[in-house]
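Containing PDB, C-alpha atoms: work.pdb.
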```
MODEL        1
ATOM      1  CA  MET A  11    -102.644  26.219 133.326
ATOM      2  CA  LYS A  12    -101.320  29.389 131.723
ATOM      3  CA  THR A  13    -101.653  30.098 127.999
ATOM      4  CA  PRO A  14     -98.285  30.575 126.202
ATOM      5  CA  GLU A  15     -98.893  34.340 126.190
ATOM      6  CA  GLU A  16     -99.675  34.439 129.910
ATOM      7  CA  ARG A  17     -96.583  32.361 130.588
ATOM      8  CA  ALA A  18     -94.370  34.778 128.603
ATOM      9  CA  ALA A  19     -95.880  37.738 130.465
ATOM     10  CA  PHE A  20     -95.214  36.021 133.803
ATOM     11  CA  VAL A  21     -91.581  35.306 132.827
ATOM     12  CA  ALA A  22     -91.051  38.888 131.630
ATOM     13  CA  LYS A  23     -92.079  40.148 135.059
ATOM     14  CA  MET A  24     -90.096  37.515 136.956
ATOM     15  CA  ILE A  25     -86.706  37.867 135.276
ATOM     16  CA  VAL A  26     -86.293  41.619 135.669
ATOM     17  CA  ALA A  27     -86.971  41.152 139.402
ATOM     18  CA  MET A  28     -83.757  39.107 139.861
ATOM     19  CA  PRO A  29     -81.337  41.065 142.069
ATOM     20  CA  TYR A  30     -78.537  41.293 139.497
ATOM     21  CA  CYS A  31     -81.020  42.430 136.818
ATOM     22  CA  MET A  32     -82.349  45.104 139.156
ATOM     23  CA  ALA A  33     -78.769  46.278 139.782
ATOM     24  CA  LEU A  34     -78.382  46.665 136.001
ATOM     25  CA  GLN A  35     -81.873  48.277 135.740
ATOM     26  CA  LEU A  36     -82.984  45.824 133.037
ATOM     27  CA  ARG A  37     -86.543  46.207 131.744
ATOM     28  CA  CYS A  38     -88.674  44.180 129.386
ATOM     29  CA  GLU A  39     -89.514  45.803 126.049
ATOM     30  CA  ARG A  40     -91.385  42.926 124.392
ATOM     31  CA  PHE A  41     -92.276  39.300 125.028
ATOM     32  CA  ALA A  42     -93.918  36.426 123.159
ATOM     33  CA  PRO A  43     -93.786  32.630 123.558
ATOM     34  CA  GLY A  44     -90.079  31.731 123.153
ATOM     35  CA  GLU A  45     -89.075  35.353 122.584
ATOM     36  CA  MET A  46     -87.839  38.181 124.783
ATOM     37  CA  ASP A  47     -86.495  41.715 124.259
ATOM     38  CA  LEU A  48     -84.763  43.347 127.237
ATOM     39  CA  ALA A  49     -83.306  46.856 127.535
ATOM     40  CA  MET A  50     -80.325  47.953 129.625
ATOM     41  CA  PRO A  51     -80.113  51.729 130.188
ATOM     42  CA  TYR A  52     -76.733  53.447 130.041
ATOM     43  CA  ALA A  53     -75.187  54.066 133.476
ATOM     44  CA  ASP A  54     -71.791  55.279 134.717
ATOM     45  CA  GLN A  55     -71.337  52.161 136.853
ATOM     46  CA  ILE A  56     -71.278  49.801 133.855
ATOM     47  CA  ILE A  57     -68.640  51.706 131.870
ATOM     48  CA  GLY A  58     -65.631  49.625 130.850
ATOM     49  CA  ASP A  59     -63.416  52.358 129.432
ATOM     50  CA  PRO A  60     -63.936  55.912 130.745
ATOM     51  CA  GLU A  61     -61.922  57.427 127.887
ATOM     52  CA  THR A  62     -64.565  56.345 125.391
ATOM     53  CA  GLY A  63     -67.534  55.904 127.763
ATOM     54  CA  VAL A  64     -68.141  52.476 126.254
ATOM     55  CA  VAL A  65     -70.147  49.961 128.304
ATOM     56  CA  HIS A  66     -68.121  46.988 129.658
ATOM     57  CA  GLY A  67     -68.531  43.687 127.824
ATOM     58  CA  GLY A  68     -69.422  42.080 131.145
ATOM     59  CA  ALA A  69     -72.585  44.175 131.387
ATOM     60  CA  VAL A  70     -73.553  43.245 127.812
ATOM     61  CA  SER A  71     -72.930  39.586 128.758
ATOM     62  CA  ALA A  72     -75.385  39.901 131.629
ATOM     63  CA  LEU A  73     -77.996  41.491 129.358
ATOM     64  CA  MET A  74     -77.517  38.717 126.774
ATOM     65  CA  ASP A  75     -77.586  35.930 129.366
ATOM     66  CA  THR A  76     -80.780  37.255 130.963
ATOM     67  CA  THR A  77     -82.523  37.864 127.642
ATOM     68  CA  CYS A  78     -81.608  34.397 126.353
ATOM     69  CA  GLY A  79     -82.676  32.771 129.632
ATOM     70  CA  GLY A  80     -85.941  34.739 129.481
ATOM     71  CA  ALA A  81     -86.669  33.536 125.946
ATOM     72  CA  VAL A  82     -86.123  29.936 127.113
ATOM     73  CA  MET A  83     -88.454  30.290 130.110
ATOM     74  CA  ALA A  84     -91.031  31.971 127.880
ATOM     75  CA  HIS A  85     -90.993  28.951 125.536
ATOM     76  CA  PRO A  86     -94.032  26.708 126.139
ATOM     77  CA  LYS A  87     -91.965  23.483 125.839
ATOM     78  CA  ALA A  88     -89.168  24.578 128.208
ATOM     79  CA  SER A  89     -89.207  24.879 131.996
ATOM     80  CA  LEU A  90     -89.680  27.946 134.163
ATOM     81  CA  LEU A  91     -86.397  27.119 135.843
ATOM     82  CA  THR A  92     -83.314  27.109 133.656
ATOM     83  CA  ALA A  93     -79.539  27.491 133.890
ATOM     84  CA  THR A  94     -77.008  28.533 131.264
ATOM     85  CA  ILE A  95     -74.896  25.654 129.911
ATOM     86  CA  ASP A  96     -72.850  27.857 127.616
ATOM     87  CA  LEU A  97     -73.096  31.296 126.107
ATOM     88  CA  ARG A  98     -70.888  32.745 123.405
ATOM     89  CA  ILE A  99     -70.966  36.452 122.640
ATOM     90  CA  ASP A 100     -69.501  38.177 119.594
ATOM     91  CA  TYR A 101     -68.819  41.871 120.073
ATOM     92  CA  MET A 102     -69.188  43.427 116.639
ATOM     93  CA  ARG A 103     -68.658  47.046 117.641
ATOM     94  CA  ALA A 104     -68.696  49.321 120.667
ATOM     95  CA  ALA A 105     -72.154  50.570 121.644
ATOM     96  CA  LYS A 106     -72.583  54.338 121.379
ATOM     97  CA  SER A 107     -71.819  56.031 124.696
ATOM     98  CA  GLY A 108     -75.086  57.071 126.377
ATOM     99  CA  ASP A 109     -77.316  54.701 124.410
ATOM    100  CA  THR A 110     -79.667  52.138 125.912
ATOM    101  CA  ILE A 111     -78.770  48.647 124.652
ATOM    102  CA  VAL A 112     -81.641  46.353 123.645
ATOM    103  CA  ALA A 113     -81.143  42.594 123.269
ATOM    104  CA  LYS A 114     -83.617  40.490 121.267
ATOM    105  CA  ALA A 115     -83.552  36.745 121.931
ATOM    106  CA  ILE A 116     -85.301  33.804 120.276
ATOM    107  CA  CYS A 117     -85.409  30.304 121.708
ATOM    108  CA  TYR A 118     -85.423  28.445 118.389
ATOM    109  CA  HIS A 119     -85.276  24.803 119.483
ATOM    110  CA  VAL A 120     -86.155  22.863 122.621
ATOM    111  CA  THR A 121     -85.396  19.211 123.330
ATOM    112  CA  ARG A 122     -86.263  17.251 126.497
ATOM    113  CA  SER A 123     -83.129  18.513 128.222
ATOM    114  CA  VAL A 124     -81.652  21.414 126.240
ATOM    115  CA  ALA A 125     -82.964  24.724 124.873
ATOM    116  CA  PHE A 126     -81.086  26.538 122.090
ATOM    117  CA  VAL A 127     -81.156  30.320 121.877
ATOM    118  CA  ARG A 128     -79.728  33.152 119.825
ATOM    119  CA  ALA A 129     -79.800  36.879 120.454
ATOM    120  CA  VAL A 130     -78.756  40.134 118.825
ATOM    121  CA  ALA A 131     -78.176  43.431 120.643
ATOM    122  CA  TYR A 132     -78.602  46.959 119.286
ATOM    123  CA  ASP A 133     -78.013  50.536 120.416
ATOM    124  CA  SER A 134     -79.952  53.420 118.817
ATOM    125  CA  ASP A 135     -78.893  52.283 115.329
ATOM    126  CA  PRO A 136     -81.255  49.456 114.298
ATOM    127  CA  ASP A 137     -79.195  48.555 111.222
ATOM    128  CA  ARG A 138     -75.877  47.849 112.911
ATOM    129  CA  PRO A 139     -75.934  45.260 115.728
ATOM    130  CA  VAL A 140     -73.614  45.783 118.690
ATOM    131  CA  ALA A 141     -73.302  42.134 119.674
ATOM    132  CA  ALA A 142     -74.642  38.661 118.914
ATOM    133  CA  ALA A 143     -74.973  35.642 121.187
ATOM    134  CA  THR A 144     -75.683  31.932 120.909
ATOM    135  CA  GLY A 145     -76.334  29.750 123.906
ATOM    136  CA  ALA A 146     -77.587  26.473 125.296
ATOM    137  CA  PHE A 147     -79.714  26.312 128.459
ATOM    138  CA  THR A 148     -80.959  23.466 130.637
ATOM    139  CA  VAL A 149     -84.554  22.241 130.507
ATOM    140  CA  GLU A 150     -85.559  20.868 133.902
ATOM    141  CA  GLY A 151     -87.756  17.781 134.254
ATOM    142  CA  THR A 152     -91.219  18.758 135.435
ATOM    143  CA  GLU A 153     -92.764  21.947 136.677
TER
ATOM    144  CA  MET B  15     -20.188  42.577 139.108
ATOM    145  CA  SER B  16     -23.883  42.908 139.728
ATOM    146  CA  ARG B  17     -25.718  45.985 140.892
ATOM    147  CA  LYS B  18     -27.309  46.042 144.306
ATOM    148  CA  PRO B  19     -30.857  44.612 144.016
ATOM    149  CA  GLU B  20     -33.745  47.063 144.153
ATOM    150  CA  PRO B  21     -35.253  47.209 147.690
ATOM    151  CA  VAL B  22     -38.263  44.875 147.906
ATOM    152  CA  HIS B  23     -40.643  47.537 149.213
ATOM    153  CA  LEU B  24     -39.940  49.700 146.164
ATOM    154  CA  VAL B  25     -40.582  46.776 143.830
ATOM    155  CA  LYS B  26     -43.894  46.027 145.537
ATOM    156  CA  GLN B  27     -44.866  49.694 145.600
ATOM    157  CA  ARG B  28     -44.235  50.058 141.889
ATOM    158  CA  ARG B  29     -46.153  46.902 140.957
ATOM    159  CA  ASP B  30     -49.100  47.651 143.233
ATOM    160  CA  ALA B  31     -49.308  51.222 141.938
ATOM    161  CA  ALA B  32     -49.322  49.988 138.336
ATOM    162  CA  LEU B  33     -52.015  47.400 139.107
ATOM    163  CA  ASN B  34     -54.153  49.980 140.930
ATOM    164  CA  HIS B  35     -53.756  52.363 138.009
ATOM    165  CA  LEU B  36     -55.051  49.656 135.660
ATOM    166  CA  ILE B  37     -57.964  48.671 137.924
ATOM    167  CA  GLY B  38     -58.889  52.314 138.445
ATOM    168  CA  LYS B  39     -59.439  52.657 134.715
ATOM    169  CA  ILE B  40     -62.427  50.273 134.686
ATOM    170  CA  PRO B  41     -65.563  51.527 136.548
ATOM    171  CA  PHE B  42     -67.342  48.181 136.005
ATOM    172  CA  ILE B  43     -64.835  46.595 138.424
ATOM    173  CA  GLY B  44     -66.310  48.759 141.185
ATOM    174  CA  PHE B  45     -69.849  47.776 140.209
ATOM    175  CA  LEU B  46     -69.032  44.056 140.572
ATOM    176  CA  GLY B  47     -66.933  44.789 143.696
ATOM    177  CA  LEU B  48     -63.921  42.883 142.347
ATOM    178  CA  GLN B  49     -60.635  42.693 144.231
ATOM    179  CA  PHE B  50     -57.210  41.579 143.030
ATOM    180  CA  ASP B  51     -54.584  39.512 144.805
ATOM    181  CA  ARG B  52     -51.094  39.880 143.335
ATOM    182  CA  ARG B  53     -48.192  37.477 143.948
ATOM    183  CA  GLY B  54     -45.310  38.601 141.760
ATOM    184  CA  ASP B  55     -46.909  38.741 138.339
ATOM    185  CA  GLU B  56     -49.636  36.202 139.214
ATOM    186  CA  LEU B  57     -53.101  37.720 139.619
ATOM    187  CA  THR B  58     -56.165  36.213 141.258
ATOM    188  CA  THR B  59     -59.413  38.098 140.706
ATOM    189  CA  ILE B  60     -61.848  37.860 143.613
ATOM    190  CA  MET B  61     -65.593  38.481 143.429
ATOM    191  CA  PRO B  62     -66.737  38.791 147.076
ATOM    192  CA  TYR B  63     -70.301  37.580 147.544
ATOM    193  CA  ASP B  64     -72.949  40.281 147.406
ATOM    194  CA  GLU B  65     -76.737  39.972 147.325
ATOM    195  CA  LYS B  66     -76.990  41.983 144.140
ATOM    196  CA  LEU B  67     -75.045  39.285 142.237
ATOM    197  CA  ILE B  68     -77.858  36.771 142.705
ATOM    198  CA  GLY B  69     -79.960  35.559 139.780
ATOM    199  CA  ASN B  70     -82.099  32.791 141.187
ATOM    200  CA  LEU B  71     -83.411  33.856 144.605
ATOM    201  CA  ALA B  72     -84.922  30.451 145.411
ATOM    202  CA  LEU B  73     -81.697  28.401 145.108
ATOM    203  CA  PRO B  74     -79.961  30.921 145.639
ATOM    204  CA  ALA B  75     -77.357  31.071 142.839
ATOM    205  CA  LEU B  76     -75.113  33.698 141.292
ATOM    206  CA  HIS B  77     -76.522  35.238 138.106
ATOM    207  CA  GLY B  78     -74.840  33.813 134.993
ATOM    208  CA  GLY B  79     -74.344  37.371 133.808
ATOM    209  CA  ALA B  80     -72.431  38.270 136.969
ATOM    210  CA  THR B  81     -70.213  35.219 136.461
ATOM    211  CA  ALA B  82     -69.619  36.158 132.807
ATOM    212  CA  GLY B  83     -68.713  39.747 133.706
ATOM    213  CA  PHE B  84     -66.379  38.495 136.436
ATOM    214  CA  LEU B  85     -64.581  36.143 134.000
ATOM    215  CA  GLU B  86     -64.366  38.739 131.245
ATOM    216  CA  THR B  87     -62.932  41.350 133.603
ATOM    217  CA  ALA B  88     -60.379  38.847 134.941
ATOM    218  CA  ALA B  89     -59.318  38.134 131.340
ATOM    219  CA  ILE B  90     -58.990  41.809 130.371
ATOM    220  CA  VAL B  91     -57.048  42.715 133.516
ATOM    221  CA  GLU B  92     -54.682  39.740 133.111
ATOM    222  CA  LEU B  93     -54.055  40.593 129.457
ATOM    223  CA  SER B  94     -53.428  44.289 130.206
ATOM    224  CA  TRP B  95     -51.242  43.383 133.162
ATOM    225  CA  ALA B  96     -49.110  41.017 131.044
ATOM    226  CA  MET B  97     -48.887  43.723 128.381
ATOM    227  CA  MET B  98     -47.674  46.411 130.795
ATOM    228  CA  TRP B  99     -45.344  44.229 132.879
ATOM    229  CA  ASP B 100     -42.141  44.695 130.841
ATOM    230  CA  ARG B 101     -42.587  48.435 130.458
ATOM    231  CA  MET B 102     -43.374  48.754 134.169
ATOM    232  CA  GLU B 103     -40.304  46.732 135.163
ATOM    233  CA  THR B 104     -38.036  48.925 133.055
ATOM    234  CA  GLY B 105     -39.270  51.942 134.987
ATOM    235  CA  GLN B 106     -41.602  53.585 132.475
ATOM    236  CA  PRO B 107     -44.334  55.782 133.935
ATOM    237  CA  GLN B 108     -47.749  54.071 134.313
ATOM    238  CA  GLU B 109     -49.405  56.380 131.806
ATOM    239  CA  THR B 110     -47.197  55.142 128.980
ATOM    240  CA  ALA B 111     -46.958  51.565 130.262
ATOM    241  CA  LEU B 112     -50.684  51.084 129.563
ATOM    242  CA  PRO B 113     -51.531  52.313 126.060
ATOM    243  CA  GLY B 114     -55.234  51.397 126.255
ATOM    244  CA  LEU B 115     -57.469  48.472 127.118
ATOM    245  CA  PRO B 116     -57.853  45.390 124.905
ATOM    246  CA  LYS B 117     -61.265  45.106 123.219
ATOM    247  CA  THR B 118     -63.254  41.890 123.417
ATOM    248  CA  ILE B 119     -63.865  40.270 120.029
ATOM    249  CA  ASP B 120     -65.726  37.258 121.391
ATOM    250  CA  PHE B 121     -66.174  35.595 124.759
ATOM    251  CA  SER B 122     -67.469  32.086 125.372
ATOM    252  CA  VAL B 123     -68.469  30.940 128.858
ATOM    253  CA  ASP B 124     -68.967  27.337 130.065
ATOM    254  CA  TYR B 125     -71.156  27.127 133.150
ATOM    255  CA  LEU B 126     -69.989  23.970 134.900
ATOM    256  CA  ARG B 127     -72.023  24.153 138.113
ATOM    257  CA  SER B 128     -74.231  26.761 139.687
ATOM    258  CA  GLY B 129     -72.470  29.633 141.452
ATOM    259  CA  LEU B 130     -72.977  29.413 145.196
ATOM    260  CA  PRO B 131     -73.699  32.471 147.336
ATOM    261  CA  ARG B 132     -70.005  32.696 148.320
ATOM    262  CA  ASP B 133     -66.829  34.438 147.201
ATOM    263  CA  ALA B 134     -65.515  33.410 143.799
ATOM    264  CA  TYR B 135     -61.957  33.370 142.476
ATOM    265  CA  ALA B 136     -60.599  33.480 138.935
ATOM    266  CA  ARG B 137     -57.256  33.134 137.255
ATOM    267  CA  ALA B 138     -56.631  33.880 133.596
ATOM    268  CA  THR B 139     -53.927  32.570 131.265
ATOM    269  CA  VAL B 140     -52.841  34.412 128.154
ATOM    270  CA  ASN B 141     -52.426  31.538 125.683
ATOM    271  CA  ARG B 142     -51.363  33.722 122.808
ATOM    272  CA  SER B 143     -50.686  37.416 122.621
ATOM    273  CA  GLY B 144     -49.700  38.824 119.264
ATOM    274  CA  ARG B 145     -49.390  42.356 117.984
ATOM    275  CA  ARG B 146     -53.087  42.559 117.055
ATOM    276  CA  TYR B 147     -54.902  39.610 118.625
ATOM    277  CA  ALA B 148     -54.808  37.707 121.887
ATOM    278  CA  SER B 149     -56.448  34.517 123.172
ATOM    279  CA  VAL B 150     -57.130  34.226 126.900
ATOM    280  CA  HIS B 151     -58.516  31.366 128.997
ATOM    281  CA  VAL B 152     -60.069  31.923 132.453
ATOM    282  CA  GLU B 153     -60.978  29.480 135.206
ATOM    283  CA  ALA B 154     -63.198  30.284 138.172
ATOM    284  CA  TRP B 155     -63.819  28.377 141.379
ATOM    285  CA  GLN B 156     -65.325  28.878 144.809
ATOM    286  CA  ASP B 157     -64.527  26.442 147.611
ATOM    287  CA  ASN B 158     -62.197  24.043 145.806
ATOM    288  CA  ARG B 159     -59.585  25.077 143.274
ATOM    289  CA  SER B 160     -60.035  21.795 141.380
ATOM    290  CA  ARG B 161     -63.831  22.108 141.160
ATOM    291  CA  LEU B 162     -64.339  24.897 138.648
ATOM    292  CA  PHE B 163     -67.822  26.432 138.523
ATOM    293  CA  ALA B 164     -67.161  28.255 135.254
ATOM    294  CA  GLN B 165     -64.494  28.660 132.608
ATOM    295  CA  ALA B 166     -64.233  30.849 129.546
ATOM    296  CA  THR B 167     -62.145  31.568 126.467
ATOM    297  CA  GLY B 168     -62.055  34.949 124.789
ATOM    298  CA  HIS B 169     -60.347  36.671 121.902
ATOM    299  CA  PHE B 170     -59.244  40.269 122.181
ATOM    300  CA  LEU B 171     -58.122  43.041 119.890
ATOM    301  CA  MET B 172     -54.924  44.585 121.255
ATOM    302  CA  PRO B 173     -54.645  48.371 121.613
ATOM    303  CA  ASP B 174     -52.309  50.217 119.256
ATOM    304  CA  ARG B 175     -48.925  50.394 120.892
ATOM    305  CA  ALA B 176     -46.856  53.381 119.949
ATOM    306  CA  GLY B 177     -43.118  52.680 119.939
TER
ENDMDL
END
```

Serialized structure, structure tokens:
Amino acid sequence: MKTPEERAAFVAKMIVAMPYCMALQLRCERFAPGEMDLAMPYADQIIGDPETGVVHGGAVSALMDTTCGGAVMAHPKASLLTATIDLRIDYMRAAKSGDTIVAKAICYHVTRSVAFVRAVAYDSDPDRPVAAATGAFTVEGTE
Amino acid sequence: MSRKPEPVHLVKQRRDAALNHLIGKIPFIGFLGLQFDRRGDELTTIMPYDEKLIGNLALPALHGGATAGFLETAAIVELSWAMMWDRMETGQPQETALPGLPKTIDFSVDYLRSGLPRDAYARATVNRSGRRYASVHVEAWQDNRSRLFAQATGHFLMPDRAG
């Protein structure tokens, strides 16, 4: 049996290896039991509006979804397999063109069947978040 | 006395050119590999299956983030398309017909069943479009139109429209 820290480390490695995460070049910045920080580097292919160079909301959604899912899997009471039930994202401002976006997620409550998560995303300015997310994820029966 | 109707090939040419102009403005559409099917003003957004869209390799299932990006793009394109339709139909050049892209304020996705490793389709409905804000609902399915695998609602900030 893994310790909670070993489990979080295992999850951190596993989630960035998913094909869609590799396409977005996501990498893990920090992990702890029930917590995950993932970074998405700026790339031309994820631009939503070339006039401003701003990253498309759909790419931020993927970063948020993965980070939230990672925090759930890294929670000792959740399961290593999970699926998103719902995810709501608030876009507070456009991320600065060229900046890496880092999402920080916390799985703050786990029941027998549902895990609740929230996340905040930042660009290079740590005082002004780019986006916030809240979500619910499935907790599967046994591992 | 009515004027002679505009030849159908010219109508189609104009609408397809306007749609392509809009799609060409969003690089992320190329990253997801999205395609658009137009019937009159009705748009269906298609996300052809690709290995890179997979999240869970064991199932396999589409990544929730790919589904979210697909839905959000379908919503933005539908909203922009609805916004430019009247100007396009009155013969304004594409550059002025599309003043800018709407900005997402919030986007909420319901994942109803896991996305299969197959093509996915989405249609968006603009439920309300005001001068500053718009509310858009999107539905996505794969094999059966009545069995949605995801749906979403989003609010958008409209671009400033001169004139």

Worksheet item: Which neighbours of Ala42 (chain A) fall inside 7 Å, counting all atoms listed in the file, when residues of the same chain fewer than 3 positions from it are skipped, and could you give them as a PyMOL selection string?
Response: chain A and resi 15+18+45-46

Worksheet item: Skipping near chain neighbours, those fewer than 6 positions away, what residues fall within 9 Å of region 153-158 of chain B using only C-alpha atoms, listed as a list of chain:residue names?
Response: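 Contacts, in chain order: B:Thr81, B:Phe84, B:Leu85, B:Gly129, B:Leu130, B:Arg132, B:Asp133, B:Ala134, B:Tyr135, B:Ala136, B:Arg137, B:Ala138, B:Thr139, B:Ala164, B:Gln165, B:Ala166.
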
Practice prompt. Find the spatial neighbours of Asp109 (chain A), counting only C-alpha atoms, within a cut-off of 9 Å - ignore same-chain residues fewer than 2 positions away - and output them as a PyMOL selection string.
Written response: chain A and resi 51-52+105-107+111+133-134

Discussion item. Under the ChimeraX specification (/B :<7) & /A, which residues of this model are included? Write them out as a list in words.
Written reply: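 Applying the ChimeraX specification (/B :<7) & /A to the structure shown produces Met28, Pro29, Tyr30, Ala33, Gln55, Ile56, Ile57, Gly58, Asp59, Pro60, His66, Gly68, Ala69, Ser71, Ala72, Asp75, Thr94, Ile95, Asp96, Leu97, Arg98, Ile99, Asp100 and Tyr101 of chain A.
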
Write the residues of the preceding selection, restricted to C-alpha atoms, as a short mmCIF file (atom, residue, chain, number, x, y, z; two decimals), in the frame of the given file.
```cif
data_model
loop_
_atom_site.label_atom_id
_atom_site.label_comp_id
_atom_site.auth_asym_id
_atom_site.auth_seq_id
_atom_site.Cartn_x
_atom_site.Cartn_y
_atom_site.Cartn_z
CA MET A 28 -83.76 39.11 139.86
CA PRO A 29 -81.34 41.06 142.07
CA TYR A 30 -78.54 41.29 139.50
CA ALA A 33 -78.77 46.28 139.78
CA GLN A 55 -71.34 52.16 136.85
CA ILE A 56 -71.28 49.80 133.85
CA ILE A 57 -68.64 51.71 131.87
CA GLY A 58 -65.63 49.62 130.85
CA ASP A 59 -63.42 52.36 129.43
CA PRO A 60 -63.94 55.91 130.74
CA HIS A 66 -68.12 46.99 129.66
CA GLY A 68 -69.42 42.08 131.15
CA ALA A 69 -72.58 44.18 131.39
CA SER A 71 -72.93 39.59 128.76
CA ALA A 72 -75.39 39.90 131.63
CA ASP A 75 -77.59 35.93 129.37
CA THR A 94 -77.01 28.53 131.26
CA ILE A 95 -74.90 25.65 129.91
CA ASP A 96 -72.85 27.86 127.62
CA LEU A 97 -73.10 31.30 126.11
CA ARG A 98 -70.89 32.74 123.40
CA ILE A 99 -70.97 36.45 122.64
CA ASP A 100 -69.50 38.18 119.59
CA TYR A 101 -68.82 41.87 120.07
#
```

Practice prompt. One decimal, Å: what's the distance from CA of Thr62 (chain A) over to CA of Pro113 (chain B), could you say?
Written response: 13.7 Å

Worksheet item: At what distance in Å, to one decimal, does CA of Leu34 (chain A) lie from CA of Arg52 (chain B)?
Response: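 CA of Arg52 (chain B) sits 29.1 Å away from CA of Leu34 (chain A).
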
Fill in: Nearest to Ser143 (chain B) by atom-to-atom distance, counting only C-alpha atoms, from B:Leu112, B:Ala96, B:Met102, B:Ala72
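Comparing B:Leu112, B:Ala96, B:Met102, B:Ala72 against Ser143 (chain B), the winner is B:Ala96.
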
Item to complete: Please indicate the distance in Å from CA of Phe41 (chain A) to CA of Arg138 (chain A), rounded to one decimal place.
Response: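 Calculated distance between CA of Phe41 (chain A) and CA of Arg138 (chain A) is 22.1 Å.
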
Worksheet entry | Asn141 (chain B) environment, 9 Å, only C-alpha atoms, sequence neighbours closer than 5 positions dropped, as a list of chain:residue names | B:Ala148, B:Ser149, B:Val150, B:His151

Worksheet item: Got a sec: who's within 6 Å of region 126-131 of chain A, counting only C-alpha atoms, leaving out chain neighbours fewer than 5 positions off, as a list of chain:residue names?
Response: A:Val112, A:Ala113, A:Lys114, A:Ala115, A:Ile116, A:Cys117, A:Tyr118, A:His119, A:Pro139, A:Val140, A:Ala141, A:Ala142, A:Ala143, A:Thr144, A:Gly145, A:Ala146

Dump all heavy atoms of region 18-23 of chain A from the given block, as a PDB file, in the first residue's frame.
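Dumped everything to part.pdb:
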```pdb
ATOM      1  N   ALA A  18       0.237  10.503  -4.296  1.00  0.00           N
ATOM      2  CA  ALA A  18       0.187  11.787  -5.005  1.00  0.00           C
ATOM      3  C   ALA A  18       1.290  11.858  -6.063  1.00  0.00           C
ATOM      4  O   ALA A  18       1.060  12.346  -7.176  1.00  0.00           O
ATOM      5  CB  ALA A  18       0.303  12.939  -4.012  1.00  0.00           C
ATOM      6  N   ALA A  19       2.457  11.352  -5.730  1.00  0.00           N
ATOM      7  CA  ALA A  19       3.584  11.367  -6.675  1.00  0.00           C
ATOM      8  C   ALA A  19       3.263  10.488  -7.885  1.00  0.00           C
ATOM      9  O   ALA A  19       3.539  10.861  -9.043  1.00  0.00           O
ATOM     10  CB  ALA A  19       4.857  10.880  -5.986  1.00  0.00           C
ATOM     11  N   PHE A  20       2.651   9.338  -7.625  1.00  0.00           N
ATOM     12  CA  PHE A  20       2.264   8.414  -8.693  1.00  0.00           C
ATOM     13  C   PHE A  20       1.242   9.075  -9.625  1.00  0.00           C
ATOM     14  O   PHE A  20       1.359   9.023 -10.850  1.00  0.00           O
ATOM     15  CB  PHE A  20       1.692   7.130  -8.064  1.00  0.00           C
ATOM     16  CG  PHE A  20       1.058   6.191  -9.044  1.00  0.00           C
ATOM     17  CD1 PHE A  20       1.854   5.416  -9.884  1.00  0.00           C
ATOM     18  CD2 PHE A  20      -0.328   6.083  -9.132  1.00  0.00           C
ATOM     19  CE1 PHE A  20       1.268   4.548 -10.803  1.00  0.00           C
ATOM     20  CE2 PHE A  20      -0.918   5.226 -10.052  1.00  0.00           C
ATOM     21  CZ  PHE A  20      -0.111   4.453 -10.881  1.00  0.00           C
ATOM     22  N   VAL A  21       0.236   9.737  -9.033  1.00  0.00           N
ATOM     23  CA  VAL A  21      -0.808  10.414  -9.803  1.00  0.00           C
ATOM     24  C   VAL A  21      -0.207  11.531 -10.655  1.00  0.00           C
ATOM     25  O   VAL A  21      -0.539  11.685 -11.836  1.00  0.00           O
ATOM     26  CB  VAL A  21      -1.909  10.978  -8.859  1.00  0.00           C
ATOM     27  CG1 VAL A  21      -2.848  11.903  -9.623  1.00  0.00           C
ATOM     28  CG2 VAL A  21      -2.685   9.840  -8.216  1.00  0.00           C
ATOM     29  N   ALA A  22       0.700  12.299 -10.050  1.00  0.00           N
ATOM     30  CA  ALA A  22       1.326  13.428 -10.756  1.00  0.00           C
ATOM     31  C   ALA A  22       1.998  12.945 -12.036  1.00  0.00           C
ATOM     32  O   ALA A  22       1.921  13.591 -13.089  1.00  0.00           O
ATOM     33  CB  ALA A  22       2.335  14.114  -9.845  1.00  0.00           C
ATOM     34  N   LYS A  23       2.638  11.787 -11.935  1.00  0.00           N
ATOM     35  CA  LYS A  23       3.334  11.220 -13.100  1.00  0.00           C
ATOM     36  C   LYS A  23       2.330  10.701 -14.140  1.00  0.00           C
ATOM     37  O   LYS A  23       2.495  10.892 -15.339  1.00  0.00           O
ATOM     38  CB  LYS A  23       4.225  10.067 -12.628  1.00  0.00           C
ATOM     39  CG  LYS A  23       5.643  10.136 -13.206  1.00  0.00           C
ATOM     40  CD  LYS A  23       6.401   8.882 -12.880  1.00  0.00           C
ATOM     41  CE  LYS A  23       7.463   9.163 -11.820  1.00  0.00           C
ATOM     42  NZ  LYS A  23       8.115   7.938 -11.359  1.00  0.00           N
TER      43      LYS A  23
END
```
